[in-house]
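Listing of final_28.pdb, PDB, C-alpha atoms
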```pdb
ATOM      1  CA  MET A1107     -30.110 -16.155   3.671  1.00  0.00           C
ATOM      2  CA  MET A1108     -27.685 -17.359   1.050  1.00  0.00           C
ATOM      3  CA  LYS A1109     -27.108 -21.076   0.669  1.00  0.00           C
ATOM      4  CA  ARG A1110     -23.581 -22.403   0.870  1.00  0.00           C
ATOM      5  CA  ILE A1111     -22.338 -25.269  -1.270  1.00  0.00           C
ATOM      6  CA  TRP A1112     -18.997 -26.899  -1.858  1.00  0.00           C
ATOM      7  CA  ILE A1113     -17.634 -27.137  -5.368  1.00  0.00           C
ATOM      8  CA  THR A1114     -15.095 -29.648  -6.597  1.00  0.00           C
ATOM      9  CA  GLY A1115     -11.852 -28.160  -7.822  1.00  0.00           C
ATOM     10  CA  LEU A1116      -8.175 -27.650  -7.242  1.00  0.00           C
ATOM     11  CA  LEU A1117      -8.663 -25.083  -4.504  1.00  0.00           C
ATOM     12  CA  LEU A1118     -10.884 -27.366  -2.450  1.00  0.00           C
ATOM     13  CA  THR A1119      -9.276 -30.766  -2.870  1.00  0.00           C
ATOM     14  CA  THR A1120      -6.548 -29.799  -0.409  1.00  0.00           C
ATOM     15  CA  CYS A1121      -9.005 -28.435   2.148  1.00  0.00           C
ATOM     16  CA  MET A1122      -8.153 -29.207   5.760  1.00  0.00           C
ATOM     17  CA  VAL A1123     -10.734 -28.912   8.491  1.00  0.00           C
ATOM     18  CA  PHE A1124      -9.589 -27.669  11.889  1.00  0.00           C
ATOM     19  CA  VAL A1125     -11.567 -28.020  15.063  1.00  0.00           C
ATOM     20  CA  GLY A1126     -11.581 -24.888  17.187  1.00  0.00           C
ATOM     21  CA  SER A1127      -9.338 -21.925  16.512  1.00  0.00           C
ATOM     22  CA  ALA A1128      -6.328 -22.982  14.454  1.00  0.00           C
ATOM     23  CA  SER A1129      -3.101 -21.002  14.654  1.00  0.00           C
ATOM     24  CA  ASP A1130      -1.522 -19.406  11.608  1.00  0.00           C
ATOM     25  CA  LYS A1131       1.132 -22.118  11.790  1.00  0.00           C
ATOM     26  CA  ASP A1132      -1.585 -24.765  11.604  1.00  0.00           C
ATOM     27  CA  LEU A1133      -3.062 -22.993   8.598  1.00  0.00           C
ATOM     28  CA  GLY A1134       0.332 -22.668   6.912  1.00  0.00           C
ATOM     29  CA  LEU A1135       0.144 -18.892   6.676  1.00  0.00           C
ATOM     30  CA  HIS A1136       3.196 -16.705   6.194  1.00  0.00           C
ATOM     31  CA  SER A1137       2.362 -14.450   9.124  1.00  0.00           C
ATOM     32  CA  ASP A1138       5.137 -12.348  10.616  1.00  0.00           C
ATOM     33  CA  GLY A1139       3.872 -12.200  14.173  1.00  0.00           C
ATOM     34  CA  GLY A1140       2.128  -9.553  16.194  1.00  0.00           C
ATOM     35  CA  SER A1141      -1.456  -8.783  15.271  1.00  0.00           C
ATOM     36  CA  TRP A1142      -1.028  -9.907  11.655  1.00  0.00           C
ATOM     37  CA  LYS A1143      -2.933 -13.201  11.596  1.00  0.00           C
ATOM     38  CA  PHE A1144      -6.173 -15.034  10.917  1.00  0.00           C
ATOM     39  CA  TYR A1145      -8.883 -14.478  13.517  1.00  0.00           C
ATOM     40  CA  ALA A1146     -11.573 -17.154  13.532  1.00  0.00           C
ATOM     41  CA  ASP A1147     -14.932 -16.263  15.067  1.00  0.00           C
ATOM     42  CA  LYS A1148     -14.770 -17.851  18.508  1.00  0.00           C
ATOM     43  CA  SER A1149     -18.512 -17.624  19.113  1.00  0.00           C
ATOM     44  CA  LYS A1150     -19.687 -18.960  15.771  1.00  0.00           C
ATOM     45  CA  LYS A1151     -23.144 -20.498  15.422  1.00  0.00           C
ATOM     46  CA  ASP A1152     -23.803 -23.114  12.772  1.00  0.00           C
ATOM     47  CA  ASP A1153     -27.140 -21.630  11.748  1.00  0.00           C
ATOM     48  CA  LEU A1154     -25.664 -18.249  10.763  1.00  0.00           C
ATOM     49  CA  PRO A1155     -24.088 -17.243   7.439  1.00  0.00           C
ATOM     50  CA  LYS A1156     -20.314 -16.906   7.373  1.00  0.00           C
ATOM     51  CA  VAL A1157     -18.461 -13.684   6.523  1.00  0.00           C
ATOM     52  CA  LEU A1158     -14.756 -13.089   5.932  1.00  0.00           C
ATOM     53  CA  LEU A1159     -13.081  -9.691   6.326  1.00  0.00           C
ATOM     54  CA  ILE A1160      -9.709  -9.332   4.603  1.00  0.00           C
ATOM     55  CA  GLY A1161      -7.504  -6.300   4.996  1.00  0.00           C
ATOM     56  CA  ASP A1162      -4.605  -4.451   6.525  1.00  0.00           C
ATOM     57  CA  SER A1163      -4.470  -2.088   9.511  1.00  0.00           C
ATOM     58  CA  ILE A1164      -7.442  -0.143   8.130  1.00  0.00           C
ATOM     59  CA  MET A1165      -9.572  -3.268   8.430  1.00  0.00           C
ATOM     60  CA  ASN A1166      -8.142  -3.760  11.900  1.00  0.00           C
ATOM     61  CA  GLY A1167      -9.598  -0.381  12.826  1.00  0.00           C
ATOM     62  CA  TYR A1168     -13.152  -1.392  11.992  1.00  0.00           C
ATOM     63  CA  ARG A1169     -13.236  -5.168  12.434  1.00  0.00           C
ATOM     64  CA  GLY A1170     -14.260  -5.114  16.100  1.00  0.00           C
ATOM     65  CA  ARG A1171     -17.151  -2.766  15.376  1.00  0.00           C
ATOM     66  CA  VAL A1172     -18.238  -4.827  12.375  1.00  0.00           C
ATOM     67  CA  ILE A1173     -18.205  -8.038  14.397  1.00  0.00           C
ATOM     68  CA  ALA A1174     -20.304  -6.386  17.101  1.00  0.00           C
ATOM     69  CA  SER A1175     -22.755  -4.959  14.550  1.00  0.00           C
ATOM     70  CA  LEU A1176     -23.242  -8.358  12.894  1.00  0.00           C
ATOM     71  CA  LYS A1177     -23.597 -10.294  16.148  1.00  0.00           C
ATOM     72  CA  GLY A1178     -26.505 -12.682  15.824  1.00  0.00           C
ATOM     73  CA  LYS A1179     -26.625 -12.090  12.062  1.00  0.00           C
ATOM     74  CA  ALA A1180     -23.378 -13.651  10.838  1.00  0.00           C
ATOM     75  CA  ASN A1181     -20.217 -15.420  11.939  1.00  0.00           C
ATOM     76  CA  VAL A1182     -17.295 -13.146  11.084  1.00  0.00           C
ATOM     77  CA  ASP A1183     -13.750 -14.374  10.497  1.00  0.00           C
ATOM     78  CA  CYS A1184     -10.972 -11.823   9.866  1.00  0.00           C
ATOM     79  CA  TRP A1185      -7.670 -12.136   8.045  1.00  0.00           C
ATOM     80  CA  LEU A1186      -5.434  -9.238   9.048  1.00  0.00           C
ATOM     81  CA  THR A1187      -2.464  -9.255   6.691  1.00  0.00           C
ATOM     82  CA  PRO A1188       0.296  -6.895   5.517  1.00  0.00           C
ATOM     83  CA  LEU A1189       0.616  -8.719   2.182  1.00  0.00           C
ATOM     84  CA  HIS A1190       0.103  -6.705  -0.995  1.00  0.00           C
ATOM     85  CA  LEU A1191      -0.877  -7.857  -4.467  1.00  0.00           C
ATOM     86  CA  ALA A1192       2.702  -8.630  -5.519  1.00  0.00           C
ATOM     87  CA  SER A1193       3.665 -10.508  -2.335  1.00  0.00           C
ATOM     88  CA  LYS A1194       4.947 -13.997  -3.163  1.00  0.00           C
ATOM     89  CA  ALA A1195       2.964 -15.661  -0.376  1.00  0.00           C
ATOM     90  CA  LEU A1196      -0.312 -13.896  -1.113  1.00  0.00           C
ATOM     91  CA  HIS A1197      -2.057 -16.487  -3.273  1.00  0.00           C
ATOM     92  CA  HIS A1198      -1.014 -19.406  -1.089  1.00  0.00           C
ATOM     93  CA  ASP A1199      -2.201 -17.674   2.063  1.00  0.00           C
ATOM     94  CA  LEU A1200      -5.428 -16.488   0.469  1.00  0.00           C
ATOM     95  CA  MET A1201      -6.331 -20.035  -0.548  1.00  0.00           C
ATOM     96  CA  ARG A1202      -5.594 -21.395   2.908  1.00  0.00           C
ATOM     97  CA  VAL A1203      -7.766 -18.741   4.530  1.00  0.00           C
ATOM     98  CA  LEU A1204     -10.620 -19.376   2.101  1.00  0.00           C
ATOM     99  CA  GLU A1205     -10.463 -23.061   3.027  1.00  0.00           C
ATOM    100  CA  GLN A1206     -11.787 -22.073   6.461  1.00  0.00           C
ATOM    101  CA  GLY A1207     -15.124 -21.342   4.807  1.00  0.00           C
ATOM    102  CA  PRO A1208     -17.081 -21.684   2.669  1.00  0.00           C
ATOM    103  CA  TYR A1209     -17.997 -18.022   3.088  1.00  0.00           C
ATOM    104  CA  ASP A1210     -21.256 -16.402   2.109  1.00  0.00           C
ATOM    105  CA  VAL A1211     -19.599 -12.971   1.839  1.00  0.00           C
ATOM    106  CA  VAL A1212     -15.963 -11.880   1.507  1.00  0.00           C
ATOM    107  CA  HIS A1213     -15.326  -8.169   2.072  1.00  0.00           C
ATOM    108  CA  PHE A1214     -11.741  -7.212   1.247  1.00  0.00           C
ATOM    109  CA  ASN A1215      -9.370  -4.313   0.866  1.00  0.00           C
ATOM    110  CA  ILE A1216      -5.819  -4.685  -0.395  1.00  0.00           C
ATOM    111  CA  GLY A1217      -3.875  -1.613  -1.402  1.00  0.00           C
ATOM    112  CA  LEU A1218      -2.351   0.444   1.367  1.00  0.00           C
ATOM    113  CA  HIS A1219       0.761  -1.745   1.648  1.00  0.00           C
ATOM    114  CA  GLY A1220       1.391  -1.731  -2.079  1.00  0.00           C
ATOM    115  CA  TRP A1221       1.965   1.965  -2.807  1.00  0.00           C
ATOM    116  CA  THR A1222       5.713   1.958  -2.058  1.00  0.00           C
ATOM    117  CA  LEU A1223       7.757   2.569  -5.206  1.00  0.00           C
ATOM    118  CA  GLY A1224       8.867  -0.689  -6.798  1.00  0.00           C
ATOM    119  CA  ARG A1225       6.591  -3.060  -4.894  1.00  0.00           C
ATOM    120  CA  ILE A1226       4.110  -3.319  -7.749  1.00  0.00           C
ATOM    121  CA  LYS A1227       5.613  -2.576 -11.136  1.00  0.00           C
ATOM    122  CA  ASP A1228       3.955  -0.287 -13.661  1.00  0.00           C
ATOM    123  CA  GLY A1229       1.258  -2.091 -15.593  1.00  0.00           C
ATOM    124  CA  GLN A1230       1.047  -4.991 -13.125  1.00  0.00           C
ATOM    125  CA  TYR A1231      -1.612  -3.750 -10.713  1.00  0.00           C
ATOM    126  CA  GLU A1232      -4.565  -4.684 -12.901  1.00  0.00           C
ATOM    127  CA  PRO A1233      -3.434  -8.224 -13.818  1.00  0.00           C
ATOM    128  CA  LEU A1234      -2.455  -8.863 -10.196  1.00  0.00           C
ATOM    129  CA  MET A1235      -5.889  -7.761  -9.018  1.00  0.00           C
ATOM    130  CA  ARG A1236      -7.525 -10.002 -11.600  1.00  0.00           C
ATOM    131  CA  SER A1237      -5.488 -12.976 -10.396  1.00  0.00           C
ATOM    132  CA  TYR A1238      -6.515 -12.261  -6.813  1.00  0.00           C
ATOM    133  CA  LEU A1239     -10.181 -12.078  -7.806  1.00  0.00           C
ATOM    134  CA  ASP A1240      -9.917 -15.308  -9.788  1.00  0.00           C
ATOM    135  CA  ILE A1241      -8.906 -17.113  -6.595  1.00  0.00           C
ATOM    136  CA  LEU A1242     -11.757 -15.555  -4.643  1.00  0.00           C
ATOM    137  CA  ARG A1243     -14.303 -16.450  -7.318  1.00  0.00           C
ATOM    138  CA  ALA A1244     -12.991 -19.998  -7.828  1.00  0.00           C
ATOM    139  CA  HIS A1245     -13.366 -20.796  -4.135  1.00  0.00           C
ATOM    140  CA  SER A1246     -17.168 -20.960  -4.181  1.00  0.00           C
ATOM    141  CA  ALA A1247     -19.770 -20.249  -6.805  1.00  0.00           C
ATOM    142  CA  THR A1248     -22.101 -18.759  -4.181  1.00  0.00           C
ATOM    143  CA  THR A1249     -19.743 -16.396  -2.359  1.00  0.00           C
ATOM    144  CA  ARG A1250     -20.619 -12.724  -2.699  1.00  0.00           C
ATOM    145  CA  ILE A1251     -17.520 -10.514  -2.920  1.00  0.00           C
ATOM    146  CA  VAL A1252     -17.268  -6.846  -1.931  1.00  0.00           C
ATOM    147  CA  TRP A1253     -14.184  -4.721  -2.582  1.00  0.00           C
ATOM    148  CA  ALA A1254     -13.365  -1.694  -0.436  1.00  0.00           C
ATOM    149  CA  SER A1255     -11.341   1.081  -2.038  1.00  0.00           C
ATOM    150  CA  THR A1256      -8.044   2.057  -0.468  1.00  0.00           C
ATOM    151  CA  THR A1257      -8.194   5.056   1.846  1.00  0.00           C
ATOM    152  CA  GLN A1258      -6.144   8.234   1.569  1.00  0.00           C
ATOM    153  CA  ILE A1259      -2.496   8.844   2.402  1.00  0.00           C
ATOM    154  CA  THR A1260      -2.211  12.225   4.108  1.00  0.00           C
ATOM    155  CA  VAL A1261       0.766  14.386   5.074  1.00  0.00           C
ATOM    156  CA  ARG A1262       2.294  13.391   8.393  1.00  0.00           C
ATOM    157  CA  GLY A1263       1.274  15.932  11.010  1.00  0.00           C
ATOM    158  CA  LYS A1264      -1.122  17.621   8.573  1.00  0.00           C
ATOM    159  CA  PRO A1265      -4.057  15.204   8.358  1.00  0.00           C
ATOM    160  CA  THR A1266      -6.247  17.481   6.232  1.00  0.00           C
ATOM    161  CA  GLU A1267      -3.636  17.539   3.435  1.00  0.00           C
ATOM    162  CA  LEU A1268      -3.256  14.699   0.941  1.00  0.00           C
ATOM    163  CA  ASP A1269       0.243  13.417   0.296  1.00  0.00           C
ATOM    164  CA  PRO A1270       1.023  15.132  -3.047  1.00  0.00           C
ATOM    165  CA  VAL A1271       3.010  12.154  -4.368  1.00  0.00           C
ATOM    166  CA  HIS A1272       1.864   8.889  -2.831  1.00  0.00           C
ATOM    167  CA  ASN A1273      -1.863   9.569  -2.698  1.00  0.00           C
ATOM    168  CA  LYS A1274      -1.839   9.807  -6.485  1.00  0.00           C
ATOM    169  CA  THR A1275      -0.850   6.131  -6.553  1.00  0.00           C
ATOM    170  CA  ILE A1276      -3.828   5.327  -4.341  1.00  0.00           C
ATOM    171  CA  THR A1277      -6.345   7.206  -6.500  1.00  0.00           C
ATOM    172  CA  LYS A1278      -4.976   5.775  -9.732  1.00  0.00           C
ATOM    173  CA  ARG A1279      -5.174   2.219  -8.458  1.00  0.00           C
ATOM    174  CA  ASN A1280      -8.626   2.735  -6.976  1.00  0.00           C
ATOM    175  CA  VAL A1281      -9.916   3.708 -10.401  1.00  0.00           C
ATOM    176  CA  ILE A1282      -8.214   0.737 -12.072  1.00  0.00           C
ATOM    177  CA  ALA A1283      -9.606  -1.656  -9.466  1.00  0.00           C
ATOM    178  CA  ALA A1284     -13.086  -0.148  -9.714  1.00  0.00           C
ATOM    179  CA  LYS A1285     -13.085  -0.773 -13.464  1.00  0.00           C
ATOM    180  CA  VAL A1286     -12.191  -4.405 -12.852  1.00  0.00           C
ATOM    181  CA  MET A1287     -14.888  -4.772 -10.179  1.00  0.00           C
ATOM    182  CA  ALA A1288     -17.516  -3.376 -12.532  1.00  0.00           C
ATOM    183  CA  GLU A1289     -16.438  -5.896 -15.147  1.00  0.00           C
ATOM    184  CA  TYR A1290     -16.733  -8.757 -12.627  1.00  0.00           C
ATOM    185  CA  GLY A1291     -20.010  -7.458 -11.212  1.00  0.00           C
ATOM    186  CA  ILE A1292     -18.488  -6.903  -7.763  1.00  0.00           C
ATOM    187  CA  PRO A1293     -19.903  -4.078  -5.621  1.00  0.00           C
ATOM    188  CA  VAL A1294     -17.534  -1.374  -4.414  1.00  0.00           C
ATOM    189  CA  ASN A1295     -17.557  -0.041  -0.871  1.00  0.00           C
ATOM    190  CA  ASP A1296     -15.901   3.293  -1.592  1.00  0.00           C
ATOM    191  CA  LEU A1297     -14.122   3.992   1.679  1.00  0.00           C
ATOM    192  CA  TYR A1298     -11.934   6.541  -0.097  1.00  0.00           C
ATOM    193  CA  GLY A1299     -14.968   8.467  -1.245  1.00  0.00           C
ATOM    194  CA  ILE A1300     -16.509   8.876   2.210  1.00  0.00           C
ATOM    195  CA  PHE A1301     -13.425  10.758   3.446  1.00  0.00           C
ATOM    196  CA  ILE A1302     -12.982  13.209   0.587  1.00  0.00           C
ATOM    197  CA  ASP A1303     -14.592  15.954   2.666  1.00  0.00           C
ATOM    198  CA  LYS A1304     -13.741  14.401   6.048  1.00  0.00           C
ATOM    199  CA  LEU A1305      -9.944  14.394   6.167  1.00  0.00           C
ATOM    200  CA  ASN A1306     -10.213  15.982   9.598  1.00  0.00           C
ATOM    201  CA  LEU A1307     -10.935  12.441  10.792  1.00  0.00           C
ATOM    202  CA  ALA A1308      -7.446  11.296   9.773  1.00  0.00           C
ATOM    203  CA  ARG A1309      -5.173  10.511  12.705  1.00  0.00           C
ATOM    204  CA  GLY A1310      -2.174  12.453  11.369  1.00  0.00           C
ATOM    205  CA  ASP A1311       0.248   9.532  10.883  1.00  0.00           C
ATOM    206  CA  LYS A1312      -0.383   9.449   7.091  1.00  0.00           C
ATOM    207  CA  TYR A1313      -2.448   6.250   6.985  1.00  0.00           C
ATOM    208  CA  HIS A1314      -4.816   5.741   9.889  1.00  0.00           C
ATOM    209  CA  TRP A1315      -8.007   7.282  11.243  1.00  0.00           C
ATOM    210  CA  LYS A1316      -9.597   8.449  14.446  1.00  0.00           C
ATOM    211  CA  GLY A1317     -12.269   6.331  16.111  1.00  0.00           C
ATOM    212  CA  SER A1318     -15.001   8.416  14.505  1.00  0.00           C
ATOM    213  CA  GLY A1319     -13.469   7.655  11.109  1.00  0.00           C
ATOM    214  CA  TYR A1320     -13.529   3.927  11.724  1.00  0.00           C
ATOM    215  CA  ALA A1321     -17.120   4.252  12.934  1.00  0.00           C
ATOM    216  CA  LEU A1322     -18.041   5.705   9.521  1.00  0.00           C
ATOM    217  CA  MET A1323     -16.257   2.851   7.760  1.00  0.00           C
ATOM    218  CA  THR A1324     -18.123   0.356   9.928  1.00  0.00           C
ATOM    219  CA  LYS A1325     -21.510   1.666   8.782  1.00  0.00           C
ATOM    220  CA  ASN A1326     -20.508   1.205   5.142  1.00  0.00           C
ATOM    221  CA  VAL A1327     -18.941  -2.215   5.663  1.00  0.00           C
ATOM    222  CA  VAL A1328     -21.946  -3.552   7.583  1.00  0.00           C
ATOM    223  CA  ARG A1329     -24.395  -2.165   5.029  1.00  0.00           C
ATOM    224  CA  TYR A1330     -22.594  -3.795   2.113  1.00  0.00           C
ATOM    225  CA  ILE A1331     -22.293  -7.123   3.929  1.00  0.00           C
ATOM    226  CA  GLU A1332     -25.948  -7.136   4.936  1.00  0.00           C
ATOM    227  CA  ASP A1333     -26.995  -6.287   1.372  1.00  0.00           C
ATOM    228  CA  ALA A1334     -24.827  -9.106   0.042  1.00  0.00           C
ATOM    229  CA  LEU A1335     -26.307 -11.589   2.516  1.00  0.00           C
ATOM    230  CA  VAL A1336     -29.806 -10.959   1.185  1.00  0.00           C
ATOM    231  CA  ASP A1337     -28.687 -10.772  -2.452  1.00  0.00           C
ATOM    232  CA  LYS A1338     -29.613  -7.148  -2.990  1.00  0.00           C
ATOM    233  CA  PRO A1339     -28.680  -5.742  -6.413  1.00  0.00           C
ATOM    234  CA  ILE A1340     -25.039  -4.763  -6.700  1.00  0.00           C
ATOM    235  CA  VAL A1341     -24.045  -1.117  -6.464  1.00  0.00           C
ATOM    236  CA  LEU A1342     -21.741  -0.214  -9.323  1.00  0.00           C
ATOM    237  CA  TYR A1343     -18.866   2.137  -8.677  1.00  0.00           C
ATOM    238  CA  VAL A1344     -19.260   5.866  -9.253  1.00  0.00           C
ATOM    239  CA  ALA A1345     -15.950   7.700  -8.999  1.00  0.00           C
ATOM    240  CA  PRO A1346     -16.220  10.518  -6.463  1.00  0.00           C
ATOM    241  CA  ASN A1347     -14.847  13.963  -7.200  1.00  0.00           C
ATOM    242  CA  GLY A1348     -11.089  14.002  -6.782  1.00  0.00           C
ATOM    243  CA  LEU A1349     -10.267  10.561  -8.165  1.00  0.00           C
ATOM    244  CA  ASP A1350      -8.276  10.787 -11.329  1.00  0.00           C
ATOM    245  CA  ALA A1351      -6.872   7.778 -13.173  1.00  0.00           C
ATOM    246  CA  LYS A1352      -4.598   9.900 -15.335  1.00  0.00           C
TER     247      LYS A1352
END
```
Take the structure I supplied and represent it as C-alpha cells, if you would.
Amino acid sequence: MMKRIWITGLLLTTCMVFVGSASDKDLGLHSDGGSWKFYADKSKKDDLPKVLLIGDSIMNGYRGRVIASLKGKANVDCWLTPLHLASKALHHDLMRVLEQGPYDVVHFNIGLHGWTLGRIKDGQYEPLMRSYLDILRAHSATTRIVWASTTQITVRGKPTELDPVHNKTITKRNVIAAKVMAEYGIPVNDLYGIFIDKLNLARGDKYHWKGSGYALMTKNVVRYIEDALVDKPIVLYVAPNGLDAK
C-alpha cells in the first residue's frame, strides 16, 4: 500500500478540512447543479488508500461500478465535472477537490467537453494539459496519476460510424496528450483504443455507451488503479490503429 504524506506548498497552505460530506458550495466549486458535483465516499475507512476519479459523463457511466469493484480495497471520491481544459474555473476547482485528499491515486479524463470549435484554440491543448498536470503533480509527491484517453464521437443514430469531423479532434488530442503523459511518466488507460472494434457498444447519441461498454471501461479503470496502488511499473502508451495526430 502506498504511503501518503503532506507536502508544504502553495496548494496546501489553504487546505480546509471538512467533517462529513461537504457540499460543492462548501468546497467553493463552480458547479452548475444537477449531477455535476463532487461525490465524497460516504463509507470511507481510514485504513484504506484514497482514490479520486475525475471526469465527465463518461466517468459517470463507470464510477458506480468502479466504486463497487474497489470496495474494501480503497476509498473512492469522484469529481463529476463538465469543465474542459480552457474553462476559467478549472484550476481553482481542481485545487479545491485535491484538498480533500491527499490521494494515493488520481484517475482522470478530460476531453469530451473540449472538442467544440473555439473552446480550445489551436496550439493551446498541449500547454493547457501540462498546466493541469502540474497542479496534479504539485498536490502530493506520492500521488500516482493515471490518464484515460477520450472516447469516440460517433454519428447520431449510427453508433458504428465515427463522426467524420469531430472525432478527428478527439484522436488528434489523444495523441498529443499521450505524448505528454509519456514525458511525465504517467500511465495511459486507453479507453479510446478498447472501442476501436467495439463501436456497436455506443449508445447512438454521439457520446455515450451502453451498459456493456461501461462495464469494459470499468475493468480497465480498476486494473490501472489497482496497479498504481501497488506501484506496478507504468504502462507507456501505444497508439492503437486508427489514431492519427496529423
Problem set entry | Selection dump of the PyMOL selection byres ((chain A and resi 1211) around 9), as a list in words | Pro1155, Lys1156, Val1157, Leu1158, Leu1159, Tyr1209, Asp1210, Val1212, His1213, Thr1248, Thr1249, Arg1250, Ile1251, Val1252, Ile1331, Ala1334 and Leu1335 of chain A
For this session: Identify all residues satisfying the PyMOL selection byres ((chain A and resi 1284) around 10) in the given file; provide them as a ChimeraX atom specification.
Result: /A:1253-1255,1279-1283,1285-1290,1292-1296,1342-1345
Exercise. With only C-alpha atoms as the basis for distance, which of A:Ser1318, A:Gln1230, A:Ser1193, A:Thr1256 is at the shortest distance from Asp1162 (chain A)?
Worked result: A:Thr1256
Exercise. Distance CA of Ala1174 (chain A)-CA of Lys1148 (chain A), one decimal place?
Worked result: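 About the pair CA of Ala1174 (chain A) and CA of Lys1148 (chain A): they are 12.8 Å apart.
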For this session: Using all atoms listed in the file, pick whichever of A:Lys1227, A:Lys1177, A:His1219, A:His1198 has the shortest atom-to-atom distance to Ser1163 (chain A).
Result: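 Of all the options, A:His1219 lies closest to Ser1163 (chain A).
By all atoms listed in the file, and with residues fewer than 5 positions from Lys1316 (chain A) along its chain excluded, the set lying at most 6 Å from it is Leu1307, Ala1308 and Arg1309 of chain A.
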Exercise. Any idea what the distance is between CA of Gly1207 (chain A) and CA of Glu1332 (chain A)?
Worked result: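 Separating CA of Gly1207 (chain A) from CA of Glu1332 (chain A) is a distance of 17.9 Å.
Shortest atom-to-atom contact with Met1201 (chain A) among A:Asn1215, A:Gln1258, A:Ser1141, A:Ser1246: A:Ser1246, counting only C-alpha atoms.
Among the candidates A:Val1336, A:Ala1321, A:Leu1239, A:Ile1276, the one nearest to Gly1170 (chain A) when counting all atoms listed in the file is A:Ala1321.
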Exercise. For Lys1312 (chain A), which residue among A:Thr1260, A:Asn1273, A:Thr1266, A:Thr1324 is the nearest when counting all atoms listed in the file?
Worked result: A:Thr1260
Exercise. Given the choices A:Glu1205, A:Asp1183, A:Asp1303, A:Asp1311, which gets closest to Leu1242 (chain A) if the distance is worked out from all atoms listed in the file?
Worked result: A:Glu1205
Problem set entry | Between CA of Tyr1330 (chain A) and CA of Ser1175 (chain A), distance in Å (one decimal) |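 Going from CA of Tyr1330 (chain A) over to CA of Ser1175 (chain A), I get 12.5 Å.
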For this session: Please provide the set of residues having any atom within 8 Å of Tyr1168 (chain A), restricted to only C-alpha atoms, with same-chain residues fewer than 3 positions apart removed, written as an MDAnalysis selection string.
Result: chainID A and resid 1164:1165 1171:1172 1320:1321 1323:1324
